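Reviewing the structure listed below.
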Amino acid sequence: MNIVVCIKQVPDTKGGVKFNPDGTLDRAAMLAIMNPDDKAGLEAALRIKDETGAKVTVLTMGLPKADAVLREALAMGADDAILVTDRVLGGADTWATSTTIAGALRNLEYDLIITGRQAIDGDTAQVGPQIAEHLGLPVISYAEEIKIEGDSVIVKRQYEDRYHELKAKMPCLITALSELNEPRYMTPGGIFDAFDKEVTVWGRADLKDVDDSDLGLKGSPTKIAKASDKVAKGAGEKVNLDPTESVAYLMGKFKEKHII
Amino acid sequence: MKKMALEEYKGVFVFAQQVDNVLDGVAFELLGKGKDLAKDLGTDVTAVLIGSDVKGLADQLAEYGADKVIVVDDPVLKDYRTEPYAHALASVINEYKPEIVLVGATAIGRDLGPTVSARVKTGLTADCTSLEIGDFPLVAAPGKESEQKHNQLLMTRPAFGGNTIATIACPDNRPQMATVRPGVMQKIAPIQGAKANIVEFNPGFTPNDRYVEILNIVKAVKTTANIMDAKILVSGGRGVGSKENFKLLEDLAEVLGGTVSCSRAVVENGWLPVDLQVGQTGKTVRPQIYFAIGISGAIQHVAGMEDSDLIIAINKDEDAPIFDVADYGLVGDLNKIVPALTAALKAELGK
């Protein structure tokens, strides 16, 4: 069985967001990490490997420095790693990212593709389902449990107020939630081996059945009209009144804001 | 992307999400927003209702502003699955060619939206918090005024964990698609007795390997609420004083239909479970209203709640840092203010 896990290197927004003195985001000061949902997806794949001996390949699209997350994945136990990197792929929105990754995946044998549900930098949750669509695969998003049963996968698919237990025939694509598991640590031996292993590097020419007009900034249907770092909001009103007056003040504000 | 004949696309479409034949509130919110956008464009708003035996819901959509309701009704659509729903919505788009399609950014919409946008070959902007009609680029480059496109959907969304905000357009492809965060857009006051103008459409469904099988549906009986989904959070800190005293917060939450959450100190004291913890080591929340009660406002806590739409702080310490991020701060004894507020809200909402 072949499993491909798509991962992304992202700035760590959770371990404390850093700001410049002018209130803008200091991206350079933030650590680059493996996206948490992707890491849970990788762990799920490695657990299937532990049980069934599946081969796990990790794939990322990004800058050359994204090599670091591939090495981390190898150190955790992935067998192969592929970096898709090319200047013409830069500035891609989710459409162009998904066409790129689908173009890379067409070169690989896979029974199961796992992506994270969403990356913590963009928070879109779009790339996984869009890859599935380009490849004509069934997709199960928001997986909180994955089991293999013969040539099918059984997945607990999370919704706001319920879950569905779904069965899909492989090949298929699953998007993983962080809640899926607690990812393992890299082993010292794994780290050692990971730096001896070769990371396969692919560029534009290695993408299969993809049109130039579907790649990079030019191939992105969505365009940024304006982007700004959100400036931290200032303090509002503060009152120091007796309890009855405090409540009356707040009720007045609620009415003003049509909350009640 | 292939060039599209943009002028063929007209009208604002809203995916009217229903589960178990009950419409989701976000459907009404999108109709409210869709109506505004349609007005700016001189067009109308259509709800797309997909499910099994759902025609009876169409009038409700009319009451909330749908000029027309396209109903795709088929037994295969009984419970949400990506493939038959994506086929239904993509077929509606290909048949009726709307210029805008709005989908709620729910656990369904965030799966359906990307699948459909890839199928109809257009862009999709995720989790929007603001939508308006305007020009792209916002300001024309000098000498290139004729290249500026008018009447574009400008979609604004937070990214980077809410630390940045971007406005996105989809100038060369149609429809312009967005998923929209629930709870942000305003519904209209329902037009009582409105009757839907129904158009029935069935593209035909042929199950294949992409139709996953539903083995089981389990409705959550959660011991603790998911505070990330709550629209109103009543959050308590060390200042609440005891596990028992959280009753005051539960009462307030109940009258508002909200959920109780807490700061790290509360979890460390064993008063509430870790699932309810807000902050850097807990969960990041963005409710519409966040009450910070007896919470001093350490930076680790603030990082997890500062993006809430409205923050109300109640604390006896006038200098507590929580007041620096609060929209409304009440300095005083929470043991007196909270029950009085609960009583006042109960009286007001019970009217």
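For the structure tokens, the naming scheme is as follows: chains receive sequential letters (A, B, ...) according to their order of presentation, residues are indexed from 1 within each chain, and ligands are indexed from 1 in presentation order.
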Item to check | Residue neighbourhood A:Gly103, 9 Å, only C-alpha atoms, exclusion window fewer than 3 positions, as number ranges by chain | outcome: A: 98-100, 106-107, 134-135, 206-210
Item to check | Near-B:Asp79 list (10 Å; only C-alpha atoms; drop same-chain fewer than 3 positions) as a ChimeraX atom specification | outcome: /A:164 /B:18-21,51-52,75-76,82,84-85,214,217
Using C-alpha atoms, can you export the residues from the last selection as a PDB file, in the first residue's frame?
ATOM      1  CA  HIS A 164     -20.431  10.413  10.064  1.00  0.00           C
TER       2      HIS A 164
ATOM      3  CA  GLN B  18     -29.957  22.193   5.524  1.00  0.00           C
ATOM      4  CA  VAL B  19     -29.231  19.237   7.770  1.00  0.00           C
ATOM      5  CA  ASP B  20     -32.020  16.794   8.720  1.00  0.00           C
ATOM      6  CA  ASN B  21     -34.376  19.059   6.762  1.00  0.00           C
ATOM      7  CA  GLY B  51     -31.503  17.663  -0.200  1.00  0.00           C
ATOM      8  CA  SER B  52     -34.146  14.971  -0.050  1.00  0.00           C
ATOM      9  CA  PRO B  75     -33.217  10.666  -2.269  1.00  0.00           C
ATOM     10  CA  VAL B  76     -29.453  10.338  -2.867  1.00  0.00           C
ATOM     11  CA  THR B  82     -19.368  15.514  -0.935  1.00  0.00           C
ATOM     12  CA  PRO B  84     -23.738  14.075  -4.835  1.00  0.00           C
ATOM     13  CA  TYR B  85     -23.900  17.552  -3.274  1.00  0.00           C
ATOM     14  CA  ILE B 214     -22.351   6.412   5.179  1.00  0.00           C
ATOM     15  CA  ILE B 217     -24.345   8.870  11.826  1.00  0.00           C
TER      16      ILE B 217
END
Next on the checklist: So that I can check the surroundings of B:Leu341, please list as a ChimeraX atom specification every protein, DNA and RNA residue that reaches within 12 Å of it, counting only C-alpha atoms and ignoring chain neighbours fewer than 5 positions away.
Outcome noted: /A:243-252,254 /B:248-249,251-253,255-256,291,314,330,334-336,346-349
Can I get the selection written as a JSON list (two decimals), in the first residue's frame, with N, CA and C atoms?
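Final output, again_33.json:
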[["chain", "number", "residue", "atom", "x", "y", "z"],
["A", 243, "PRO", "N", -23.10, 48.12, 41.06],
["A", 243, "PRO", "CA", -23.55, 47.00, 40.23],
["A", 243, "PRO", "C", -24.80, 47.29, 39.39],
["A", 244, "THR", "N", -25.81, 47.91, 39.98],
["A", 244, "THR", "CA", -27.04, 48.18, 39.24],
["A", 244, "THR", "C", -26.77, 49.10, 38.07],
["A", 245, "GLU", "N", -25.99, 50.14, 38.31],
["A", 245, "GLU", "CA", -25.68, 51.10, 37.24],
["A", 245, "GLU", "C", -24.82, 50.44, 36.15],
["A", 246, "SER", "N", -23.89, 49.58, 36.59],
["A", 246, "SER", "CA", -23.04, 48.85, 35.64],
["A", 246, "SER", "C", -23.89, 48.03, 34.68],
["A", 247, "VAL", "N", -24.85, 47.32, 35.27],
["A", 247, "VAL", "CA", -25.71, 46.47, 34.46],
["A", 247, "VAL", "C", -26.55, 47.32, 33.52],
["A", 248, "ALA", "N", -27.07, 48.43, 34.01],
["A", 248, "ALA", "CA", -27.89, 49.31, 33.17],
["A", 248, "ALA", "C", -27.05, 49.86, 32.01],
["A", 249, "TYR", "N", -25.81, 50.20, 32.30],
["A", 249, "TYR", "CA", -24.90, 50.71, 31.27],
["A", 249, "TYR", "C", -24.70, 49.65, 30.18],
["A", 250, "LEU", "N", -24.43, 48.42, 30.61],
["A", 250, "LEU", "CA", -24.17, 47.35, 29.65],
["A", 250, "LEU", "C", -25.43, 46.99, 28.85],
["A", 251, "MET", "N", -26.57, 46.99, 29.52],
["A", 251, "MET", "CA", -27.83, 46.69, 28.81],
["A", 251, "MET", "C", -28.08, 47.76, 27.75],
["A", 252, "GLY", "N", -27.74, 48.99, 28.07],
["A", 252, "GLY", "CA", -27.88, 50.08, 27.10],
["A", 252, "GLY", "C", -27.01, 49.83, 25.88],
["A", 254, "PHE", "N", -25.92, 46.92, 24.83],
["A", 254, "PHE", "CA", -26.46, 45.77, 24.10],
["A", 254, "PHE", "C", -27.61, 46.20, 23.17],
["B", 248, "LEU", "N", -22.74, 31.07, 38.63],
["B", 248, "LEU", "CA", -23.13, 32.43, 38.21],
["B", 248, "LEU", "C", -22.91, 32.61, 36.71],
["B", 249, "LEU", "N", -21.79, 32.07, 36.21],
["B", 249, "LEU", "CA", -21.45, 32.21, 34.80],
["B", 249, "LEU", "C", -22.33, 31.31, 33.94],
["B", 251, "ASP", "N", -25.37, 30.47, 34.60],
["B", 251, "ASP", "CA", -26.69, 31.11, 34.51],
["B", 251, "ASP", "C", -26.70, 32.20, 33.45],
["B", 252, "LEU", "N", -25.63, 32.98, 33.41],
["B", 252, "LEU", "CA", -25.54, 34.05, 32.41],
["B", 252, "LEU", "C", -25.46, 33.45, 31.00],
["B", 253, "ALA", "N", -24.65, 32.41, 30.87],
["B", 253, "ALA", "CA", -24.50, 31.75, 29.57],
["B", 253, "ALA", "C", -25.84, 31.19, 29.11],
["B", 255, "VAL", "N", -28.92, 32.13, 29.80],
["B", 255, "VAL", "CA", -29.92, 33.12, 29.37],
["B", 255, "VAL", "C", -29.57, 33.68, 27.99],
["B", 256, "LEU", "N", -28.27, 33.67, 27.63],
["B", 256, "LEU", "CA", -27.84, 34.19, 26.32],
["B", 256, "LEU", "C", -27.66, 33.09, 25.28],
["B", 291, "PHE", "N", -17.32, 37.33, 27.23],
["B", 291, "PHE", "CA", -17.30, 37.90, 28.56],
["B", 291, "PHE", "C", -16.05, 37.40, 29.28],
["B", 314, "ILE", "N", -15.33, 42.06, 33.19],
["B", 314, "ILE", "CA", -15.82, 42.40, 34.53],
["B", 314, "ILE", "C", -14.72, 42.00, 35.50],
["B", 330, "LEU", "N", -16.33, 46.72, 32.98],
["B", 330, "LEU", "CA", -17.06, 47.05, 34.20],
["B", 330, "LEU", "C", -16.15, 46.75, 35.38],
["B", 334, "LEU", "N", -17.78, 40.91, 40.64],
["B", 334, "LEU", "CA", -18.50, 40.01, 39.73],
["B", 334, "LEU", "C", -19.65, 39.29, 40.42],
["B", 335, "ASN", "N", -19.51, 39.03, 41.73],
["B", 335, "ASN", "CA", -20.56, 38.33, 42.47],
["B", 335, "ASN", "C", -21.86, 39.13, 42.53],
["B", 336, "LYS", "N", -21.73, 40.44, 42.36],
["B", 336, "LYS", "CA", -22.94, 41.28, 42.35],
["B", 336, "LYS", "C", -23.37, 41.57, 40.92],
["B", 346, "LYS", "N", -32.63, 38.31, 31.43],
["B", 346, "LYS", "CA", -33.78, 37.41, 31.47],
["B", 346, "LYS", "C", -35.07, 38.21, 31.32],
["B", 347, "ALA", "N", -35.14, 39.32, 32.03],
["B", 347, "ALA", "CA", -36.33, 40.17, 31.96],
["B", 347, "ALA", "C", -36.50, 40.73, 30.55],
["B", 348, "GLU", "N", -35.40, 41.17, 29.95],
["B", 348, "GLU", "CA", -35.46, 41.80, 28.63],
["B", 348, "GLU", "C", -35.81, 40.77, 27.54],
["B", 349, "LEU", "N", -35.14, 39.62, 27.60],
["B", 349, "LEU", "CA", -35.34, 38.62, 26.55],
["B", 349, "LEU", "C", -36.65, 37.88, 26.72]]
Item to check | Those of stretch 111-298 of chain B in DSSP strand (DSSP E or B), formatted as a ChimeraX atom specification | outcome: /B:124-128,130-136,149-159,164-169,176-180,198-200,213-219,232-236,259-262,277-278,283,289-293
Next on the checklist: Set the distance at 6 Å and use only C-alpha atoms: which residues neighbour stretch 160-162 of chain A once local chain neighbours fewer than 3 positions away are removed? I'd like the list as an NGL selection string.
Outcome noted: :B and (218-220)
Just write the chosen residues, N, CA and C atoms, as a CSV table (one decimal), in the first residue's frame.
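out16.csv written:
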chain,number,residue,atom,x,y,z
B,218,VAL,N,-23.6,9.6,14.0
B,218,VAL,CA,-23.6,9.7,15.4
B,218,VAL,C,-23.7,11.2,15.8
B,219,LYS,N,-24.9,11.6,16.4
B,219,LYS,CA,-25.0,12.9,16.8
B,219,LYS,C,-24.3,13.1,18.1
B,220,ALA,N,-23.5,14.2,18.2
B,220,ALA,CA,-22.6,14.3,19.4
B,220,ALA,C,-23.4,14.6,20.7
Next on the checklist: So that I can see what lies close to stretch 41-53 of chain A, please list as a PyMOL selection string the residues with an atom at most 10 Å from it, counting only C-alpha atoms and leaving out residues fewer than 4 positions away in the same chain.
Outcome noted: chain A and resi 1-7+35-37+57-58+73+76-79+112-117+143-148+174-178+180-185
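Compared by their closest atoms to chain A, and using only C-alpha atoms, the residues B:Asp324, B:Asp333, B:Asp67, B:Asp44 rank with B:Asp324 nearest.
Among the candidate residues A:Leu70, A:Ile260, A:Ala54, A:Leu217, the one lying nearest to A:Leu89 is A:Leu217, with distances computed using only C-alpha atoms.
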Item to check | Contacts of A:Gly91 within 10 Å, only C-alpha atoms, excl. fewer than 5 positions in-chain, as an MDAnalysis selection string | outcome: chainID A and resid 96:97 215:220 223
Checklist entry - Which residues come within 6 Å of stretch 165-182 of chain B, counting only C-alpha atoms, excluding same-chain residues fewer than 6 positions away, as a PyMOL selection string? => result (chain A and resi 221-228) or (chain B and resi 26+98-105+122+124-129+154-159)
Deliver the residues from the most recent selection as a file, using C-alpha atoms, as a CSV table (one decimal), in the first residue's frame.
chain,number,residue,atom,x,y,z
A,221,PRO,CA,-8.1,33.1,-10.3
A,222,THR,CA,-8.2,34.9,-7.0
A,223,LYS,CA,-6.1,38.1,-6.7
A,224,ILE,CA,-5.3,40.1,-3.7
A,225,ALA,CA,-6.8,43.6,-3.8
A,226,LYS,CA,-5.4,44.7,-0.5
A,227,ALA,CA,-3.6,43.1,2.4
A,228,SER,CA,-2.7,44.5,5.8
B,26,VAL,CA,-26.1,30.8,7.9
B,98,PRO,CA,-24.6,33.0,-11.5
B,99,GLU,CA,-22.0,35.7,-11.1
B,100,ILE,CA,-21.7,35.2,-7.4
B,101,VAL,CA,-22.1,32.0,-5.3
B,102,LEU,CA,-22.0,32.2,-1.5
B,103,VAL,CA,-21.6,29.2,0.8
B,104,GLY,CA,-21.5,29.1,4.6
B,105,ALA,CA,-18.0,28.3,6.0
B,122,THR,CA,-13.2,29.3,-10.7
B,124,LEU,CA,-12.9,30.5,-4.1
B,125,THR,CA,-12.1,32.8,-1.1
B,126,ALA,CA,-12.4,31.1,2.3
B,127,ASP,CA,-14.0,32.2,5.5
B,128,CYS,CA,-14.9,35.7,4.5
B,129,THR,CA,-16.1,38.2,7.1
B,154,LEU,CA,-14.5,42.1,-3.0
B,155,MET,CA,-14.1,39.4,-0.4
B,156,THR,CA,-12.4,40.3,2.9
B,157,ARG,CA,-11.0,37.6,5.2
B,158,PRO,CA,-8.7,37.2,8.1
B,159,ALA,CA,-5.6,35.0,7.7
Item to check | Selected residue, from A:Lys197, A:Lys255, A:Lys39, A:Arg71, that lies nearest to chain B when counting only C-alpha atoms | outcome: A:Lys255
Item to check | Residues of stretch 54-300 of chain B in helix (DSSP H, G or I), written as a PyMOL selection string | outcome: chain B and resi 55-63+75-77+82-96+109-119+145-147+238-240+244-256+264-268+274-276+299-300
Next on the checklist: So, with only C-alpha atoms as the atoms that count, which of A:Glu256, A:Asp121, A:Asp212, A:Asp242 lies closest to A:Asp12?
Outcome noted: A:Asp121
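The residue that comes closest to B:Asn151, out of B:Val199, B:Leu310, B:Ile50, B:Ala38 and on the basis of only C-alpha atoms, is B:Ala38.
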